[in-house]
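Chemist: Let me give you the structure first, and then I'll get to my questions.
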Amino acid sequence: MPRFALLAALCVSASAHASSIERFQTYVRTTQAARADFEQKVYDRSGKLTQESRGSFVFLRPGLFRWTYAKPHPQLIVGDGERVWIYDEDLNQVTVRRMARALGATPAALLAGASDVENAFELSDAGDKDGLAWLEAKPREREAGFDRVRLGLGVAGVEAMELVDHFGQTTQLRFSRIARNPKLDGSEFRFTPPKGADVLGEREEQGKAPSPAPR
């Protein structure tokens, strides 16, 4: 085999066998922003499907994201870098929290890079399945709303997530139409409560205007 071909084969082999932790670190280092659609399924501890939903998300590091549930119940979650806004359209209700308190060690922090991932989570390889290299992340903070989250890494980056909460409920997310480092409009990460909506949350948050997002 020619020397160049042998070297290329070795490089490809090394890349293919890189650990999921290394692949995730590369993804974080090379992905400043991303946009995708998602399908979400929730299973109870017995494995019974209890909920299905779909929507889209976009994030811009560090700490800016917009997560939109389109079906079956419209809901919008916006992180503007300082606060997280949750808008339930059916109830015309907004809940606002400080980013640090609302996120802490949550999956959103993994995607948007709002915190030091390796300090917030204990990372380990979880093997290969369904053509993806899986990474398991366990939050170091006991107050996190889940026991563990698994990230499925493929050619497009993070292509799947699985979360297991304290009650044994599993949430599966599958991402499609993934675009890495798209050009983003900063207005996507601003949120103003709709007129007439009930605004709930920490007292110091109410009445404050959203912080401007990068242009």
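Labels for the structure tokens follow display order: chains A, B, ..., residues from 1 in each chain, ligands from 1.
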Where does DSSP see strand (DSSP E or B) in region 70-203 of chain A, if you list the residues as a PyMOL selection string?
Modeler: chain A and resi 70-71+75-80+83-88+93-98+121-129+132-139+148-154+157-164+170-180+198-201
Chemist: Determine, counting only C-alpha atoms, which protein, DNA and RNA residues have an atom within 8 Å of an atom of Asn181 (chain A); residues of the same chain fewer than 3 positions away are not included. Present the result as a PyMOL selection string.
Modeler: chain A and resi 31-34
Chemist: Quick one: write out the picked residues with C-alpha atoms as a short mmCIF file (atom, residue, chain, number, x, y, z; two decimals), in the first residue's frame?
Modeler:
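Written output follows (out_21.cif):
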```
data_model
loop_
_atom_site.label_atom_id
_atom_site.label_comp_id
_atom_site.auth_asym_id
_atom_site.auth_seq_id
_atom_site.Cartn_x
_atom_site.Cartn_y
_atom_site.Cartn_z
CA THR A 31 -19.88 24.29 16.88
CA GLN A 32 -20.75 27.80 17.98
CA ALA A 33 -24.39 27.55 16.91
CA ALA A 34 -26.87 25.00 15.56
#
```
Chemist: Quick one: distance from CA of Leu153 (chain A) to CA of Gln172 (chain A) in Å, one decimal?
Modeler: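 CA of Leu153 (chain A) sits 14.2 Å away from CA of Gln172 (chain A).
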Chemist: Leaving out region 90-94 of chain A and any residue of its chain fewer than 4 positions from it, which residues lie within 9 Å of it when counting only C-alpha atoms, given as a PDB file with N, CA and C atoms, in the first residue's frame?
Modeler:
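Heads up, here's the output in part04.pdb:
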```pdb
ATOM      1  N   HIS A  73     -48.983  20.517  21.941  1.00  0.00           N
ATOM      2  CA  HIS A  73     -49.341  21.739  22.656  1.00  0.00           C
ATOM      3  C   HIS A  73     -48.240  22.775  22.453  1.00  0.00           C
ATOM      4  N   PRO A  74     -48.569  23.928  21.867  1.00  0.00           N
ATOM      5  CA  PRO A  74     -47.559  24.950  21.603  1.00  0.00           C
ATOM      6  C   PRO A  74     -46.909  25.448  22.897  1.00  0.00           C
ATOM      7  N   GLN A  75     -45.590  25.443  22.913  1.00  0.00           N
ATOM      8  CA  GLN A  75     -44.834  25.973  24.047  1.00  0.00           C
ATOM      9  C   GLN A  75     -43.511  26.509  23.531  1.00  0.00           C
ATOM     10  N   TRP A  85     -37.249  31.994  29.736  1.00  0.00           N
ATOM     11  CA  TRP A  85     -38.670  32.318  29.630  1.00  0.00           C
ATOM     12  C   TRP A  85     -39.412  31.105  29.072  1.00  0.00           C
ATOM     13  N   ILE A  86     -40.454  30.684  29.755  1.00  0.00           N
ATOM     14  CA  ILE A  86     -41.271  29.555  29.300  1.00  0.00           C
ATOM     15  C   ILE A  86     -42.685  30.065  29.052  1.00  0.00           C
ATOM     16  N   PRO A 193     -43.080  39.093  26.970  1.00  0.00           N
ATOM     17  CA  PRO A 193     -44.365  38.445  27.262  1.00  0.00           C
ATOM     18  C   PRO A 193     -45.495  39.064  26.449  1.00  0.00           C
ATOM     19  N   PRO A 194     -46.359  38.248  25.853  1.00  0.00           N
ATOM     20  CA  PRO A 194     -47.497  38.771  25.094  1.00  0.00           C
ATOM     21  C   PRO A 194     -48.402  39.623  25.987  1.00  0.00           C
ATOM     22  N   GLY A 196     -51.283  40.833  28.044  1.00  0.00           N
ATOM     23  CA  GLY A 196     -52.348  40.127  28.747  1.00  0.00           C
ATOM     24  C   GLY A 196     -51.937  38.801  29.346  1.00  0.00           C
ATOM     25  N   ALA A 197     -50.697  38.355  29.078  1.00  0.00           N
ATOM     26  CA  ALA A 197     -50.249  37.067  29.618  1.00  0.00           C
ATOM     27  C   ALA A 197     -49.928  37.188  31.103  1.00  0.00           C
ATOM     28  N   ASP A 198     -50.217  36.140  31.855  1.00  0.00           N
ATOM     29  CA  ASP A 198     -49.815  36.072  33.257  1.00  0.00           C
ATOM     30  C   ASP A 198     -48.326  35.756  33.307  1.00  0.00           C
ATOM     31  N   VAL A 199     -47.568  36.541  34.098  1.00  0.00           N
ATOM     32  CA  VAL A 199     -46.131  36.334  34.226  1.00  0.00           C
ATOM     33  C   VAL A 199     -45.826  35.861  35.641  1.00  0.00           C
ATOM     34  N   LEU A 200     -45.266  34.664  35.731  1.00  0.00           N
ATOM     35  CA  LEU A 200     -44.946  34.062  37.020  1.00  0.00           C
ATOM     36  C   LEU A 200     -43.443  33.884  37.137  1.00  0.00           C
ATOM     37  N   GLY A 201     -42.943  33.918  38.362  1.00  0.00           N
ATOM     38  CA  GLY A 201     -41.517  33.676  38.544  1.00  0.00           C
ATOM     39  C   GLY A 201     -40.988  34.381  39.762  1.00  0.00           C
TER      40      GLY A 201
END
```
Chemist: From the options A:Gln169, A:Met99, A:Asp80, A:Thr26, which residue's atoms come nearest to Ser46 (chain A), counting only C-alpha atoms?
Modeler: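 Closest to Ser46 (chain A) of all the choices is A:Gln169.
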Chemist: Please provide as a ChimeraX atom specification all residues within 7 Å of region 53-61 of chain A, with the sequence filter that same-chain residues fewer than 2 positions apart are discarded (counting only C-alpha atoms).
Modeler: /A:32-41,51,63-72,112-113
Chemist: For Arg23 (chain A), list every protein, DNA or RNA residue within 10 Å, evaluated using only C-alpha atoms, and leave out those in the same chain fewer than 3 positions away; present the list as a PDB file with C-alpha atoms, in the first residue's frame.
Modeler:
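Saved the output as around-v1.pdb:
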```
ATOM      1  CA  SER A  15     -11.156   9.173  13.885  1.00  0.00           C
ATOM      2  CA  ALA A  16     -13.730   6.413  13.641  1.00  0.00           C
ATOM      3  CA  HIS A  17     -12.582   4.956  16.946  1.00  0.00           C
ATOM      4  CA  ALA A  18     -12.297   8.246  18.849  1.00  0.00           C
ATOM      5  CA  SER A  19     -14.140   8.042  22.142  1.00  0.00           C
ATOM      6  CA  SER A  20     -17.547   9.663  22.445  1.00  0.00           C
ATOM      7  CA  THR A  26     -14.588  18.327  19.258  1.00  0.00           C
ATOM      8  CA  TYR A  27     -18.259  19.099  18.609  1.00  0.00           C
ATOM      9  CA  VAL A  28     -18.316  21.729  21.369  1.00  0.00           C
ATOM     10  CA  ARG A  29     -15.066  23.259  20.132  1.00  0.00           C
ATOM     11  CA  ALA A 133     -21.465   6.935  19.487  1.00  0.00           C
ATOM     12  CA  TRP A 134     -23.131   7.493  22.866  1.00  0.00           C
ATOM     13  CA  LEU A 135     -21.891   9.681  25.693  1.00  0.00           C
ATOM     14  CA  LEU A 153     -23.051  11.597  18.313  1.00  0.00           C
ATOM     15  CA  GLY A 154     -22.998  11.119  14.548  1.00  0.00           C
ATOM     16  CA  GLY A 157     -22.940  16.234  15.624  1.00  0.00           C
ATOM     17  CA  VAL A 158     -25.418  15.570  18.426  1.00  0.00           C
TER      18      VAL A 158
END
```
Chemist: What is the CA of Glu162 (chain A)-CA of Thr30 (chain A) distance in Å, reported with one decimal?
Modeler: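 Calculated distance between CA of Glu162 (chain A) and CA of Thr30 (chain A) is 22.7 Å.
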Chemist: I want to know what sits within 12 Å of Arg150 (chain A), based on only C-alpha atoms, with residues of the same chain fewer than 4 positions away left out; could you give that as a ChimeraX atom specification?
Modeler: /A:20-21,24,106-107,110,121-129,132-139,146,158-165,170-174
Chemist: Take CA of Phe175 (chain A) and CA of Leu151 (chain A) and report the distance between them in Å, one decimal.
Modeler: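 So the two atoms, CA of Phe175 (chain A) and CA of Leu151 (chain A), lie 11.1 Å apart.
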